[in-house]
Amino acid sequence: MNQPAETQPQVSLAQSSPTVGTFRERDGALEWSGRQETVRIEPWGPDAVRVRARLGGPVLEGLPGALLDEAPASPSTVKIEDGHGQLTVGALTVEVNAEGLVRFLRTEDSAELLAEDRAHFWWPGSRLYTAVGNGHHRLEQRFAAYDDEKLYGLGQHQHGRLDQKGLVLDLVQRNAEVGIPVLTSSRGYTLLWNNPAIGRVELAHNGTRWVADSARQIDYWITAGDPAAAQRSYSAVTGRTPMLPEWAAGFWQCKLRYRTQDELMAVAREYKRRGLPISAIVCDFFHWTHLGEWKFDPEEWPDPAAMVRELEELGIKLVVSVWPSVSPLSENHPVMEQRGWFIGTQYGPMAHADWPDKEVASTVQVAFYDATNPDAREFVWSKVKENYLDPYGITAFWLDACEPELKPGFQENLRYWAGPGLEVGNIYPAENARTFYEGLVATGEEEVVSLNRSAWAGSQRYGAALWSGDIGTDFPTLRRQIAAGLNTALSGIPWWNTDIGGFHGGDPDDPAYREVMVRWFQFGALSPLMRLHGFRDPGMPLGPEMTGGPNEVWSYGEEALAVLEKYLRLRERLKPYVLRVMREAHEEGLPVMRPLFLEFPDDQAAWSVDDSYLFGPDLLVAPVLTAGATARTAYLPAGASWTDAWTGETHEGGRSVTVDAPLDRIPLFLRDGERLPVAE
């Protein structure tokens with residue numbers, strides 16, 4: 001029932017005409033209406049609520065977003081009295097005043113976790129809708145800033161910062177920059193901006209502002225709790241990752257690129273001849289006839305069935321690169337264009353990038369299939385199934401360029417099946433992963449893994465692993481990957497990795513680069529997924545004939561090989577532990593790569609450590625991140641004792657220790673007497 005605000009509500013007299021709204025309870029939700037705006041707050045899982053706000057009518061259902069269709073049932077109470085509304089669900093209480101300002105409190109002690117904040121005492125308020133036409137608005141949602149607050153998550157970025165307070169980040173998908181709008185606060189809340197619109201988030205010292213360039217309503221989800229509890233809650237409402245297959249927990253070998261079946265098989269056989277552990281090998285781009293035909297070129301890959309059969313006998317999984325782009329030379333282009341299965345454009349032809357293709361001397365203008373369209377997803381999967389799965393049993397795919405890789409990147413010119421580009425553009429990589437997940441599951445496949453260059457909130461439920469894109473090959477770049485991986489972990493994506501050694505360059509004969517490779521390989525062995533990749537010197541121009549320099553573990557000289565082999569074998573010994581931690585991700589939503597504060601939230605010093613991490617709950621990893629280093633200082637969290645996994649020396653937590661780190665050693669510490677087979 002409706003209940004008017006009190007006759008003389010406590011509103012700001014500084015406003016020329018303050019809004020006095022009305023409250024009502026509807027189906028367990030609290031609604032406030034005023035000045036043609038509706039705000040709806042409803043329980044959405046334990047200790048969590050979903051907030052939607054719209055100008056010009058009731059909130060809309062069925063818009064694209066990351067939340068699952070059904071929220072976990074959660075007991076809650078709604079109170080409306082004295083011109084205020086209150087909703088309580090577990091550890092979270094939401095208060096709304098007569099003017100529609102929202103505050104989030106910890107139920108236990110009524111401490112403020114987060115509160116909306118006006119932009120100005122007169123206008124605008126905490127929510128701003130600027131019309132851009134056809135019922136869409138440029139949306140702004142403002143919250144207060146807190147001097148002591150630290151903020152984490154927001155996907156994967158290359159700025160090198162773990163705590164992102166003070167930054168402005170575009171909410172957009174680009175190679176190596178992955179926008180996942182999930183934010184974890186040191187104040188005890190996690191917030192999902194449940195909106196795939198292109199925009200930005202501003203984490204300033206005078207306020208936090210979320211911006212969508214063009215959308216129909218504000219939509220976000222918030223939960224109360226420490227980071228671990230928040231990860232459990234977040235994954236429950238956006239979907240948990242499948243269980244990682246055992247093969248995927250081992251070592252993946254690839255380079256840019258193996259040009260033929262003979263090249264790839266020679267590498268696989270050499271790993272086995274040398275007795276080196278290997279679980280997967282990757283067939284990269286340009287293996288196809290034409291871009292967007294999704295099948296092997298028989299001139300370069302004459303007998304895929306024999307290749308897959310021999311790889312299986314060697315215990316190696318074949319992973320095949322599949323791009324979402326379609327060349328005009330592809331046999332699939334005419335039918336896809338006619339049936340509307342490409343991303344459309346507001347102006348100009350349906351061409352989104354220029355790209356080399358076979359049988360032409362120059363680049364061609366390629367289109368991207370519309371992964372938000374279920375018919376387009378079904379068609380693409382039918383071709384992948386017809387050309388890879390049915391004849392050869394290939395079930396693992398590398399989904400490259402899935403931002404999508406637009407050139408130029410004008411989302412405002414795009415029309416997706418799900419909506420205009422500015423409104424839905426960020427959801428594309430998740431929907432592309434969905435193509436392969438739903439296709440494989442429909443065939444009865446129980447093990448689903450895809451390797452993706454981009455992701456969005458909820459990608460994890462489709463078995464999507466993320467890698468950090470095409471990055472540099474030096475120590476500063478390696479250093480930045482620690483923060484990138486940890487923030488990805490706090491964004492709900494537990495399967496993450498880097499190109500070991502970086503992507504752009506690196507001379508295998510250069511001693512300085514060999515050191516980078518060794519230190520990066522050590523980090524890779526203690527990453528959720530372990531994959532060697534890169535475009536090594538000497539490179540070749542982009543095109544169907546290209547390949548990079550050698551990039552196998554024996555390519556870096558005997559001294560480096562001895563160390564790399566040591567960490568290949570370490571990864572093999574740790575596989576049972578890796579799979580145990582992966583099961584925690586699958587069943588509880590906890591990440592594999594963890595910031596120290598996830599396990600030790602009461603240790604204030606742990607919230608600032610950005611150069612080391614926990615691999616699962618029990619193994620602290622302190623990668624060596626500078627050239628020439630032979631020692632490493634690492635902080636050990638308070639509340640546990642830590643044993644040097646190499647020497648057996650034990651240290652009490654709550655302090656930093658300096659340990660030896662010769663070239664063949666990455667400092668590792670075991671928690672509270674945990675016994676893992678680190679030392680041989």
# chains A, B, ... in the order shown; residues from 1 in each chain; ligands from 1
>>> closest_atom_pairs(of="range 276-350 of chain A", to="range 253-268 of chain A", cutoff="7 Å", atoms="only C-alpha atoms", output="Markdown table")
| residue | atom | partner | partner_atom | distance |
| --- | --- | --- | --- | --- |
| A:Ala280 | CA | A:Gln253 | CA | 6.1 |
| A:Ile281 | CA | A:Gln253 | CA | 4.8 |
| A:Val282 | CA | A:Cys254 | CA | 5.1 |
| A:Cys283 | CA | A:Tyr258 | CA | 6.7 |
| A:Asp284 | CA | A:Arg257 | CA | 5.8 |
| A:His287 | CA | A:Arg259 | CA | 6.9 |
| A:Glu300 | CA | A:Thr260 | CA | 4.8 |
| A:Trp301 | CA | A:Gln261 | CA | 4.9 |
>>> residues_around(residues="Gly534 in chain A", least_positions_apart="2", cutoff="8 Å", atoms="only C-alpha atoms", output="list of chain:residue names")
A:Cys254, A:Lys255, A:Leu256, A:Asp499, A:Ile500, A:Gly501, A:Gly502, A:Phe503, A:His504, A:Gly505, A:Leu532, A:Arg536, A:Gly548, A:Asn551
>>> residues_around(residues="Glu112 in chain A", least_positions_apart="2", cutoff="10 Å", atoms="only C-alpha atoms", output="ChimeraX atom specification")
/A:93-94,103-107,109-110,114-115,187-188
>>> residues_around(residues="range 24-36 of chain A", least_positions_apart="6", cutoff="8 Å", atoms="only C-alpha atoms", output="list of chain:residue names")
A:Met1, A:Asn2, A:Gln3, A:Glu42, A:Pro43, A:Leu55, A:Gly56, A:Gly57, A:Ser76, A:Thr77, A:Val78, A:Ile80, A:Gly85, A:Gln86, A:Leu87, A:Val96, A:Glu99, A:Gly100
>>> select_by_dssp(residues="range 220-288 of chain A", states="helix (DSSP H, G or I)", output="list of chain:residue names")
A:Pro227, A:Ala228, A:Ala229, A:Ala230, A:Gln231, A:Arg232, A:Ser233, A:Tyr234, A:Ser235, A:Ala236, A:Val237, A:Thr238, A:Glu246, A:Trp247, A:Ala248, A:Ala249, A:Gln261, A:Asp262, A:Glu263, A:Leu264, A:Met265, A:Ala266, A:Val267, A:Ala268, A:Arg269, A:Glu270, A:Tyr271, A:Lys272, A:Arg273
>>> write_last_selection(atoms="N, CA and C atoms", output="PDB file, in the first residue's frame")
ATOM      1  N   PRO A 227      35.572  -9.238   2.350  1.00  0.00           N
ATOM      2  CA  PRO A 227      35.765  -9.620   0.945  1.00  0.00           C
ATOM      3  C   PRO A 227      35.432 -11.075   0.627  1.00  0.00           C
ATOM      4  N   ALA A 228      35.770 -11.996   1.515  1.00  0.00           N
ATOM      5  CA  ALA A 228      35.469 -13.403   1.236  1.00  0.00           C
ATOM      6  C   ALA A 228      33.970 -13.649   1.229  1.00  0.00           C
ATOM      7  N   ALA A 229      33.265 -13.106   2.217  1.00  0.00           N
ATOM      8  CA  ALA A 229      31.810 -13.256   2.250  1.00  0.00           C
ATOM      9  C   ALA A 229      31.174 -12.618   1.030  1.00  0.00           C
ATOM     10  N   ALA A 230      31.706 -11.479   0.610  1.00  0.00           N
ATOM     11  CA  ALA A 230      31.158 -10.783  -0.546  1.00  0.00           C
ATOM     12  C   ALA A 230      31.364 -11.593  -1.819  1.00  0.00           C
ATOM     13  N   GLN A 231      32.513 -12.262  -1.960  1.00  0.00           N
ATOM     14  CA  GLN A 231      32.732 -13.100  -3.132  1.00  0.00           C
ATOM     15  C   GLN A 231      31.737 -14.257  -3.176  1.00  0.00           C
ATOM     16  N   ARG A 232      31.441 -14.818  -2.026  1.00  0.00           N
ATOM     17  CA  ARG A 232      30.444 -15.888  -1.993  1.00  0.00           C
ATOM     18  C   ARG A 232      29.079 -15.356  -2.427  1.00  0.00           C
ATOM     19  N   SER A 233      28.717 -14.179  -1.910  1.00  0.00           N
ATOM     20  CA  SER A 233      27.415 -13.606  -2.246  1.00  0.00           C
ATOM     21  C   SER A 233      27.344 -13.209  -3.711  1.00  0.00           C
ATOM     22  N   TYR A 234      28.400 -12.570  -4.196  1.00  0.00           N
ATOM     23  CA  TYR A 234      28.412 -12.096  -5.576  1.00  0.00           C
ATOM     24  C   TYR A 234      28.315 -13.261  -6.561  1.00  0.00           C
ATOM     25  N   SER A 235      29.087 -14.305  -6.314  1.00  0.00           N
ATOM     26  CA  SER A 235      29.062 -15.447  -7.232  1.00  0.00           C
ATOM     27  C   SER A 235      27.732 -16.186  -7.171  1.00  0.00           C
ATOM     28  N   ALA A 236      27.038 -16.111  -6.036  1.00  0.00           N
ATOM     29  CA  ALA A 236      25.734 -16.764  -5.932  1.00  0.00           C
ATOM     30  C   ALA A 236      24.690 -16.079  -6.802  1.00  0.00           C
ATOM     31  N   VAL A 237      24.831 -14.772  -7.045  1.00  0.00           N
ATOM     32  CA  VAL A 237      23.814 -14.050  -7.820  1.00  0.00           C
ATOM     33  C   VAL A 237      24.224 -13.831  -9.271  1.00  0.00           C
ATOM     34  N   THR A 238      25.500 -14.046  -9.611  1.00  0.00           N
ATOM     35  CA  THR A 238      25.939 -13.906 -11.008  1.00  0.00           C
ATOM     36  C   THR A 238      26.360 -15.243 -11.619  1.00  0.00           C
ATOM     37  N   GLU A 246      40.818 -31.348 -15.062  1.00  0.00           N
ATOM     38  CA  GLU A 246      42.164 -31.634 -14.570  1.00  0.00           C
ATOM     39  C   GLU A 246      43.232 -31.219 -15.578  1.00  0.00           C
ATOM     40  N   TRP A 247      42.986 -31.460 -16.876  1.00  0.00           N
ATOM     41  CA  TRP A 247      44.004 -31.129 -17.870  1.00  0.00           C
ATOM     42  C   TRP A 247      44.331 -29.638 -17.862  1.00  0.00           C
ATOM     43  N   ALA A 248      43.316 -28.791 -17.612  1.00  0.00           N
ATOM     44  CA  ALA A 248      43.517 -27.347 -17.687  1.00  0.00           C
ATOM     45  C   ALA A 248      44.345 -26.810 -16.533  1.00  0.00           C
ATOM     46  N   ALA A 249      44.548 -27.612 -15.496  1.00  0.00           N
ATOM     47  CA  ALA A 249      45.361 -27.178 -14.362  1.00  0.00           C
ATOM     48  C   ALA A 249      46.850 -27.361 -14.615  1.00  0.00           C
ATOM     49  N   GLN A 261      50.455 -28.015 -39.250  1.00  0.00           N
ATOM     50  CA  GLN A 261      50.301 -29.207 -38.415  1.00  0.00           C
ATOM     51  C   GLN A 261      51.660 -29.798 -38.055  1.00  0.00           C
ATOM     52  N   ASP A 262      52.580 -29.803 -39.006  1.00  0.00           N
ATOM     53  CA  ASP A 262      53.907 -30.357 -38.742  1.00  0.00           C
ATOM     54  C   ASP A 262      54.640 -29.556 -37.669  1.00  0.00           C
ATOM     55  N   GLU A 263      54.543 -28.222 -37.734  1.00  0.00           N
ATOM     56  CA  GLU A 263      55.213 -27.384 -36.731  1.00  0.00           C
ATOM     57  C   GLU A 263      54.668 -27.672 -35.344  1.00  0.00           C
ATOM     58  N   LEU A 264      53.359 -27.700 -35.215  1.00  0.00           N
ATOM     59  CA  LEU A 264      52.750 -27.914 -33.904  1.00  0.00           C
ATOM     60  C   LEU A 264      53.107 -29.292 -33.362  1.00  0.00           C
ATOM     61  N   MET A 265      53.016 -30.305 -34.200  1.00  0.00           N
ATOM     62  CA  MET A 265      53.282 -31.658 -33.730  1.00  0.00           C
ATOM     63  C   MET A 265      54.752 -31.849 -33.371  1.00  0.00           C
ATOM     64  N   ALA A 266      55.654 -31.169 -34.082  1.00  0.00           N
ATOM     65  CA  ALA A 266      57.074 -31.285 -33.746  1.00  0.00           C
ATOM     66  C   ALA A 266      57.334 -30.775 -32.335  1.00  0.00           C
ATOM     67  N   VAL A 267      56.642 -29.695 -31.960  1.00  0.00           N
ATOM     68  CA  VAL A 267      56.809 -29.153 -30.605  1.00  0.00           C
ATOM     69  C   VAL A 267      56.229 -30.113 -29.573  1.00  0.00           C
ATOM     70  N   ALA A 268      55.041 -30.619 -29.823  1.00  0.00           N
ATOM     71  CA  ALA A 268      54.423 -31.551 -28.875  1.00  0.00           C
ATOM     72  C   ALA A 268      55.298 -32.786 -28.671  1.00  0.00           C
ATOM     73  N   ARG A 269      55.818 -33.313 -29.763  1.00  0.00           N
ATOM     74  CA  ARG A 269      56.665 -34.509 -29.650  1.00  0.00           C
ATOM     75  C   ARG A 269      57.958 -34.211 -28.897  1.00  0.00           C
ATOM     76  N   GLU A 270      58.498 -33.009 -29.096  1.00  0.00           N
ATOM     77  CA  GLU A 270      59.754 -32.667 -28.423  1.00  0.00           C
ATOM     78  C   GLU A 270      59.550 -32.551 -26.920  1.00  0.00           C
ATOM     79  N   TYR A 271      58.409 -31.985 -26.491  1.00  0.00           N
ATOM     80  CA  TYR A 271      58.128 -31.947 -25.051  1.00  0.00           C
ATOM     81  C   TYR A 271      58.120 -33.366 -24.489  1.00  0.00           C
ATOM     82  N   LYS A 272      57.480 -34.278 -25.185  1.00  0.00           N
ATOM     83  CA  LYS A 272      57.404 -35.644 -24.686  1.00  0.00           C
ATOM     84  C   LYS A 272      58.757 -36.350 -24.769  1.00  0.00           C
ATOM     85  N   ARG A 273      59.526 -36.067 -25.827  1.00  0.00           N
ATOM     86  CA  ARG A 273      60.850 -36.678 -25.942  1.00  0.00           C
ATOM     87  C   ARG A 273      61.738 -36.274 -24.786  1.00  0.00           C
TER      88      ARG A 273
END
